[in-house]
Amino acid sequence: MENKKFYISTAIAYTSGKPHIGNTYEIVLADAIARFKRLEGYQVYFQTGTDEHGEKIEIKATEEGKTPKEFVDEISAEIKRIWDIMNVSYDKFVRTTDDIHKKAVQKIFKKMYDNGDIYLGQYKGLYCTPCESFWTETQLIDGKCPDCGREVTESSEEAYFFRLSKYQEKLEKYIEDHPDFIQPESRKNEMLNNFIKPGLQDLCVSRTSFDWGIEVPFDKKHVVYVWLDALTNYITNIGYDVDNPSDEFKKWWPADIHLIGKDIVRFHSIYWPAFLWSLNLELPKKIFGHPWLLSNNDKIGKSRGNAIYADDLVEKYGVDAVRYYLLHEIPYANDGNLTYELLEERYNSDLANILGNLVNRTISMNKKYFDNIVVNSDSKEEIDDSLINTVMSAKEKVEKCIDELRIADALDHVFEIFRRCNKYIDETMPWILAKDENKDRLKKVIYNLLESIRIGSVLLSPFLPETSEKIFKELNTELNSYDSIKEFGKLEIGKSLNNPEPLFIRIEKSAN
């Protein structure tokens with residue numbers, strides 16, 4: 001097990017305001033992957049956190065009559081609160097204002113400068129403050145920022161530059177030689193054809209027009225500019241030091257996956273590899289640019305007036321219902337859509353009906369027919385094999401989907417178990433078996449259902465951890481490990497089950 005390590009990170013959230021449900025999708029997606037890898041027996045390191053420097057923060061803090069540090073302390077705490085509400089099992093929540101990060105970034109900047117990859121120059125360009133990005137005239141769309149559509153302003157200042165152009169050929173070759181490095185493939189093609197092959201420009205990595213950032217160690221009027229500060233969080237927080245990298249760093253790097261939004265793939269797949277090569281470090285194994293969650297098929301944003309927040313949804317529907325919707329409804333490579341109506345429809349059909357009703361019916365039948373005691377018999381029919389085959393083939397299917405980052409498909413395979421169980425009840429009709437006093441057959445049918453639910457709940461646990469816990473409690477079992485689902489028939493005979501309680505109460509009508 002010692003060699004089974006897995007390092008997953010999300011992008012660090014920008015501390016400009018409370019994260020909406022679209023921002024929250026990424027952290028829940030990463031959490032499901034991290035939890036599944038732990039279930040498989042991997043040593044997992046799961047890192048998330050907040051990106052806290054830049055001109056935009058300085059302006060917002062001033063508008064609110066706060067220091068930048070007071071402002072980011074509040075927003076970072078709010079982001080962490082939302083991640084915790086979503087039951088996210090991160091190992092480290094990092095902040096770019098942490099001393100460990102700031103000191104490491106200063107050393108990184110100095111090393112890049114000393115090895116000739118950073119030089120002093122003059123920047124003239126069109127600057128978008130909200131995106132903290134410089135653009136050329138040709139990159140603008142209708143004269144506005146191509147990322148956010150806002151106005152840009154002409155800006156000119158002394159700045160340090162990183163020799164991104166130096167790494168053009170190496171980067172192009174690396175991406176072509178490693179087809180899985182950027183996923184999905186559409187993002188890889190976009191990076192190569194739209195950004196890399198047309199030619200990389202050297203990158204501005206310092207600013208003098210604002211103060212809220214990490215000081216350039218040898219030139220105090222400059223602060224390190226956003227992407228060199230933000231991206232390096234993936235190594236600074238696991239003990240990277242240019243002189244003496246820690247054992248923790250050697251253990252975890254390279255990361256297995258950087259999970260990020262599709263809008264920042266460019267920075268992670270172009271700037272970040274070049275920075276790492278400049279430091280003579282390995283690249284992460286995979287960069288996955290996930291799609292967006294839309295609201296009524298429109299991009300979510302405060303400025304658009306359609307922001308939906310995770311804590312409001314959790315208060316109304318419960319954490320696992322929100323997790324289920326986020327994980328199930330956003331396809332691998334296409335944007336997903338969220339409305340209250342769609343969420344409630346999915347809640348009722350999948351959670352209340354397929355899963356909740358199944359667990360409640362099965363445990364209630366066991367209580368009615370066998371006084372809550374787990375029983376079994378030697379009875380065997382072909383229909384049992386059909387159920388067991390569905391249950392036992394799910395594990396491999398789920399593993400494959402997780403490895404391919406097809407999380408919605410993985411969740412579908414788990415629910416195939418519960419769907420098959422419901423069909424098995426219709427096929428075997430336990431109430432008829434009870435009426436006919438066919439006790440041996442009834443024992444086998446109820447046992448098969450209970451064991452199928454247990455195995456399904458183990459596979460469900462990375463996605464809906466609270467719900468799985470409730471099911472294990474009702475089954476009165478601690479058999480919730482990955483090893484415990486390698487064979488069918490582990491649920492302990494003679495154990496007394498706990499009384500069933502509704503897992504998801506059907507929503508009759510939306511209040512929205």
# chains A, B, ... in the order shown; residues from 1 in each chain; ligands from 1
>>> residues_around(residues="Tyr482 in chain A", least_positions_apart="6", cutoff="9 Å", atoms="only C-alpha atoms", output="MDAnalysis selection string")
chainID A and resid 39:41 458:459
>>> write_last_selection(atoms="C-alpha atoms", output="short mmCIF file (atom, residue, chain, number, x, y, z; two decimals), in the first residue's frame")
data_model
loop_
_atom_site.label_atom_id
_atom_site.label_comp_id
_atom_site.auth_asym_id
_atom_site.auth_seq_id
_atom_site.Cartn_x
_atom_site.Cartn_y
_atom_site.Cartn_z
CA LEU A 39 -11.79 3.66 -0.35
CA GLU A 40 -9.60 1.79 -2.86
CA GLY A 41 -6.73 1.91 -0.35
CA VAL A 458 -20.07 1.03 0.05
CA LEU A 459 -19.75 2.15 -3.57
#
>>> closest_atom_pairs(of="range 315-337 of chain A", to="range 253-266 of chain A", cutoff="12 Å", atoms="only C-alpha atoms", output="Markdown table")
| residue | atom | partner | partner_atom | distance |
| --- | --- | --- | --- | --- |
| A:Tyr332 | CA | A:Lys262 | CA | 11.6 |
| A:Ala333 | CA | A:Lys262 | CA | 9.5 |
| A:Asn334 | CA | A:Lys262 | CA | 10.3 |
| A:Asp335 | CA | A:Lys262 | CA | 10.0 |
>>> closest_atom_pairs(of="range 186-239 of chain A", to="range 1-24 of chain A", cutoff="10 Å", atoms="only C-alpha atoms", output="JSON lines")
{"residue": "A:Ala230", "atom": "CA", "partner": "A:Ile12", "partner_atom": "CA", "distance": 7.6}
{"residue": "A:Leu231", "atom": "CA", "partner": "A:Ala11", "partner_atom": "CA", "distance": 8.5}
{"residue": "A:Asn233", "atom": "CA", "partner": "A:Ile12", "partner_atom": "CA", "distance": 8.3}
{"residue": "A:Tyr234", "atom": "CA", "partner": "A:Ser9", "partner_atom": "CA", "distance": 7.4}
>>> residues_around(residues="range 143-149 of chain A", least_positions_apart="2", cutoff="10 Å", atoms="only C-alpha atoms", output="NGL selection string")
:A and (126-131 or 133-141 or 151-153 or 263-264)
>>> write_last_selection(atoms="N, CA and C atoms", output="mmCIF file, in the first residue's frame")
data_model
loop_
_atom_site.group_PDB
_atom_site.id
_atom_site.type_symbol
_atom_site.label_atom_id
_atom_site.label_comp_id
_atom_site.auth_asym_id
_atom_site.auth_seq_id
_atom_site.Cartn_x
_atom_site.Cartn_y
_atom_site.Cartn_z
ATOM 1 N N LEU A 126 -3.223 46.066 -22.785
ATOM 2 C CA LEU A 126 -4.609 46.328 -22.400
ATOM 3 C C LEU A 126 -4.931 45.401 -21.238
ATOM 4 N N TYR A 127 -5.342 45.985 -20.128
ATOM 5 C CA TYR A 127 -5.439 45.247 -18.875
ATOM 6 C C TYR A 127 -6.892 45.149 -18.426
ATOM 7 N N CYS A 128 -7.294 43.925 -18.053
ATOM 8 C CA CYS A 128 -8.622 43.705 -17.471
ATOM 9 C C CYS A 128 -8.447 43.488 -15.980
ATOM 10 N N THR A 129 -8.926 44.426 -15.185
ATOM 11 C CA THR A 129 -8.738 44.333 -13.726
ATOM 12 C C THR A 129 -9.461 43.126 -13.120
ATOM 13 N N PRO A 130 -10.759 42.869 -13.454
ATOM 14 C CA PRO A 130 -11.432 41.709 -12.837
ATOM 15 C C PRO A 130 -10.723 40.380 -13.104
ATOM 16 N N CYS A 131 -10.184 40.212 -14.327
ATOM 17 C CA CYS A 131 -9.497 38.954 -14.674
ATOM 18 C C CYS A 131 -8.008 38.989 -14.347
ATOM 19 N N SER A 133 -5.668 40.169 -16.126
ATOM 20 C CA SER A 133 -5.006 39.663 -17.332
ATOM 21 C C SER A 133 -4.702 40.796 -18.299
ATOM 22 N N PHE A 134 -3.528 40.705 -18.925
ATOM 23 C CA PHE A 134 -3.159 41.611 -20.012
ATOM 24 C C PHE A 134 -3.548 40.963 -21.340
ATOM 25 N N TRP A 135 -3.995 41.809 -22.302
ATOM 26 C CA TRP A 135 -4.381 41.308 -23.610
ATOM 27 C C TRP A 135 -3.776 42.191 -24.703
ATOM 28 N N THR A 136 -3.603 41.586 -25.865
ATOM 29 C CA THR A 136 -3.226 42.386 -27.032
ATOM 30 C C THR A 136 -4.515 42.799 -27.741
ATOM 31 N N GLU A 137 -4.386 43.771 -28.627
ATOM 32 C CA GLU A 137 -5.550 44.278 -29.374
ATOM 33 C C GLU A 137 -6.268 43.146 -30.113
ATOM 34 N N THR A 138 -5.485 42.241 -30.704
ATOM 35 C CA THR A 138 -6.077 41.169 -31.516
ATOM 36 C C THR A 138 -6.808 40.125 -30.667
ATOM 37 N N GLN A 139 -6.461 40.035 -29.389
ATOM 38 C CA GLN A 139 -7.117 39.050 -28.529
ATOM 39 C C GLN A 139 -8.479 39.524 -28.022
ATOM 40 N N LEU A 140 -8.718 40.832 -28.072
ATOM 41 C CA LEU A 140 -9.987 41.374 -27.577
ATOM 42 C C LEU A 140 -11.150 40.910 -28.451
ATOM 43 N N ILE A 141 -12.315 40.832 -27.838
ATOM 44 C CA ILE A 141 -13.533 40.517 -28.588
ATOM 45 C C ILE A 141 -14.446 41.732 -28.487
ATOM 46 N N GLU A 151 -14.756 45.984 -19.913
ATOM 47 C CA GLU A 151 -13.851 46.975 -20.504
ATOM 48 C C GLU A 151 -12.406 46.700 -20.080
ATOM 49 N N VAL A 152 -11.457 47.027 -20.972
ATOM 50 C CA VAL A 152 -10.034 46.951 -20.616
ATOM 51 C C VAL A 152 -9.463 48.371 -20.634
ATOM 52 N N THR A 153 -8.365 48.548 -19.913
ATOM 53 C CA THR A 153 -7.728 49.873 -19.899
ATOM 54 C C THR A 153 -6.281 49.734 -20.352
ATOM 55 N N ASP A 263 -12.162 27.356 -17.800
ATOM 56 C CA ASP A 263 -11.714 28.718 -18.136
ATOM 57 C C ASP A 263 -10.284 29.008 -17.705
ATOM 58 N N ILE A 264 -9.699 28.140 -16.860
ATOM 59 C CA ILE A 264 -8.305 28.396 -16.447
ATOM 60 C C ILE A 264 -7.353 27.273 -16.876
#
>>> residues_around(residues="Glu345 in chain A", least_positions_apart="5", cutoff="9 Å", atoms="only C-alpha atoms", output="ChimeraX atom specification")
/A:340,350,507
>>> select_by_dssp(residues="range 264-463 of chain A", states="strand (DSSP E or B)", output="VMD selection string")
chain A and resid 287 to 290 293 to 295 298 to 299 336 to 338 373
>>> closest_residue(among="A:Phe418, A:Met112, A:Ser295, A:Glu64", to="Glu341 in chain A", atoms="only C-alpha atoms")
A:Ser295
>>> atom_distance(atom1="CA of Tyr113 in chain A", atom2="CA of Phe218 in chain A")
10.0 Å
>>> residues_around(residues="Ser269 in chain A", least_positions_apart="6", cutoff="10 Å", atoms="only C-alpha atoms", output="ChimeraX atom specification")
/A:171,175,181-182,187-188,191-192,196,283-284,286-289
>>> atom_distance(atom1="CA of Arg454 in chain A", atom2="CA of Ile485 in chain A")
8.5 Å
>>> residues_around(residues="Val375 in chain A", least_positions_apart="2", cutoff="9 Å", atoms="only C-alpha atoms", output="ChimeraX atom specification")
/A:366,370,373,377,443-444,446-447,492-495
>>> write_last_selection(atoms="C-alpha atoms", output="PDB file, in the first residue's frame")
ATOM      1  CA  ASN A 366     -37.163  -7.809   7.233  1.00  0.00           C
ATOM      2  CA  PHE A 370     -38.109 -11.844  10.573  1.00  0.00           C
ATOM      3  CA  ILE A 373     -32.986 -10.304  12.445  1.00  0.00           C
ATOM      4  CA  SER A 377     -31.252 -19.914   3.467  1.00  0.00           C
ATOM      5  CA  LYS A 443     -35.238 -15.554   3.672  1.00  0.00           C
ATOM      6  CA  LYS A 444     -33.008 -15.754   0.585  1.00  0.00           C
ATOM      7  CA  ILE A 446     -34.635 -10.521   1.740  1.00  0.00           C
ATOM      8  CA  TYR A 447     -30.994 -11.441   2.440  1.00  0.00           C
ATOM      9  CA  GLU A 492     -23.684 -11.064   9.198  1.00  0.00           C
ATOM     10  CA  ILE A 493     -26.451 -13.609   9.856  1.00  0.00           C
ATOM     11  CA  GLY A 494     -28.179 -13.247  13.223  1.00  0.00           C
ATOM     12  CA  LYS A 495     -27.584  -9.517  13.558  1.00  0.00           C
TER      13      LYS A 495
END
>>> atom_distance(atom1="CA of Asn348 in chain A", atom2="CA of Ser393 in chain A")
26.4 Å
>>> closest_residue(among="A:Phe36, A:Leu276, A:Lys111, A:Arg420", to="Cys401 in chain A", atoms="only C-alpha atoms")
A:Phe36
>>> select_by_dssp(residues="range 116-364 of chain A", states="helix (DSSP H, G or I)", output="PyMOL selection string")
chain A and resi 137-139+164-177+185-196+226-231+233-236+247-252+262-278+302-304+310-317+319-329+340-364
>>> closest_atom_pairs(of="range 26-84 of chain A", to="range 203-209 of chain A", cutoff="12 Å", atoms="only C-alpha atoms", output="JSON lines")
{"residue": "A:His53", "atom": "CA", "partner": "A:Arg207", "partner_atom": "CA", "distance": 11.7}
{"residue": "A:Gly54", "atom": "CA", "partner": "A:Arg207", "partner_atom": "CA", "distance": 9.4}
{"residue": "A:Glu55", "atom": "CA", "partner": "A:Ser209", "partner_atom": "CA", "distance": 8.3}
{"residue": "A:Lys56", "atom": "CA", "partner": "A:Ser209", "partner_atom": "CA", "distance": 11.8}
{"residue": "A:Glu58", "atom": "CA", "partner": "A:Ser209", "partner_atom": "CA", "distance": 11.0}
{"residue": "A:Ile59", "atom": "CA", "partner": "A:Ser209", "partner_atom": "CA", "distance": 11.9}
>>> write_last_selection(atoms="N, CA and C atoms", output="PDB file, in the first residue's frame")
ATOM      1  N   HIS A  53      -4.312  37.377  -3.404  1.00  0.00           N
ATOM      2  CA  HIS A  53      -3.610  38.621  -3.739  1.00  0.00           C
ATOM      3  C   HIS A  53      -4.173  39.251  -5.013  1.00  0.00           C
ATOM      4  N   GLY A  54      -3.750  40.487  -5.278  1.00  0.00           N
ATOM      5  CA  GLY A  54      -4.079  41.125  -6.550  1.00  0.00           C
ATOM      6  C   GLY A  54      -4.794  42.456  -6.409  1.00  0.00           C
ATOM      7  N   GLU A  55      -4.798  43.151  -7.509  1.00  0.00           N
ATOM      8  CA  GLU A  55      -5.364  44.508  -7.555  1.00  0.00           C
ATOM      9  C   GLU A  55      -6.865  44.509  -7.263  1.00  0.00           C
ATOM     10  N   LYS A  56      -7.565  43.500  -7.791  1.00  0.00           N
ATOM     11  CA  LYS A  56      -9.012  43.417  -7.595  1.00  0.00           C
ATOM     12  C   LYS A  56      -9.368  43.357  -6.104  1.00  0.00           C
ATOM     13  N   GLU A  58      -7.428  44.424  -3.608  1.00  0.00           N
ATOM     14  CA  GLU A  58      -7.057  45.715  -3.014  1.00  0.00           C
ATOM     15  C   GLU A  58      -8.180  46.737  -3.219  1.00  0.00           C
ATOM     16  N   ILE A  59      -8.745  46.773  -4.429  1.00  0.00           N
ATOM     17  CA  ILE A  59      -9.831  47.719  -4.736  1.00  0.00           C
ATOM     18  C   ILE A  59     -11.078  47.392  -3.913  1.00  0.00           C
TER      19      ILE A  59
END
>>> closest_residue(among="A:Leu200, A:Ile402, A:Pro179, A:Trp252", to="Gln47 in chain A", atoms="only C-alpha atoms")
A:Trp252
>>> closest_residue(among="A:Leu164, A:Leu294, A:Val224, A:Leu387", to="Gly336 in chain A", atoms="only C-alpha atoms")
A:Leu294
>>> closest_residue(among="A:Phe275, A:Tyr324, A:Tyr167, A:Phe488", to="Thr467 in chain A", atoms="only C-alpha atoms")
A:Tyr324
>>> residues_around(residues="Met86 in chain A", least_positions_apart="2", cutoff="12 Å", atoms="only C-alpha atoms", output="number ranges by chain")
A: 21, 24-32, 79-84, 88-90, 309-315, 318-324, 326, 463-466
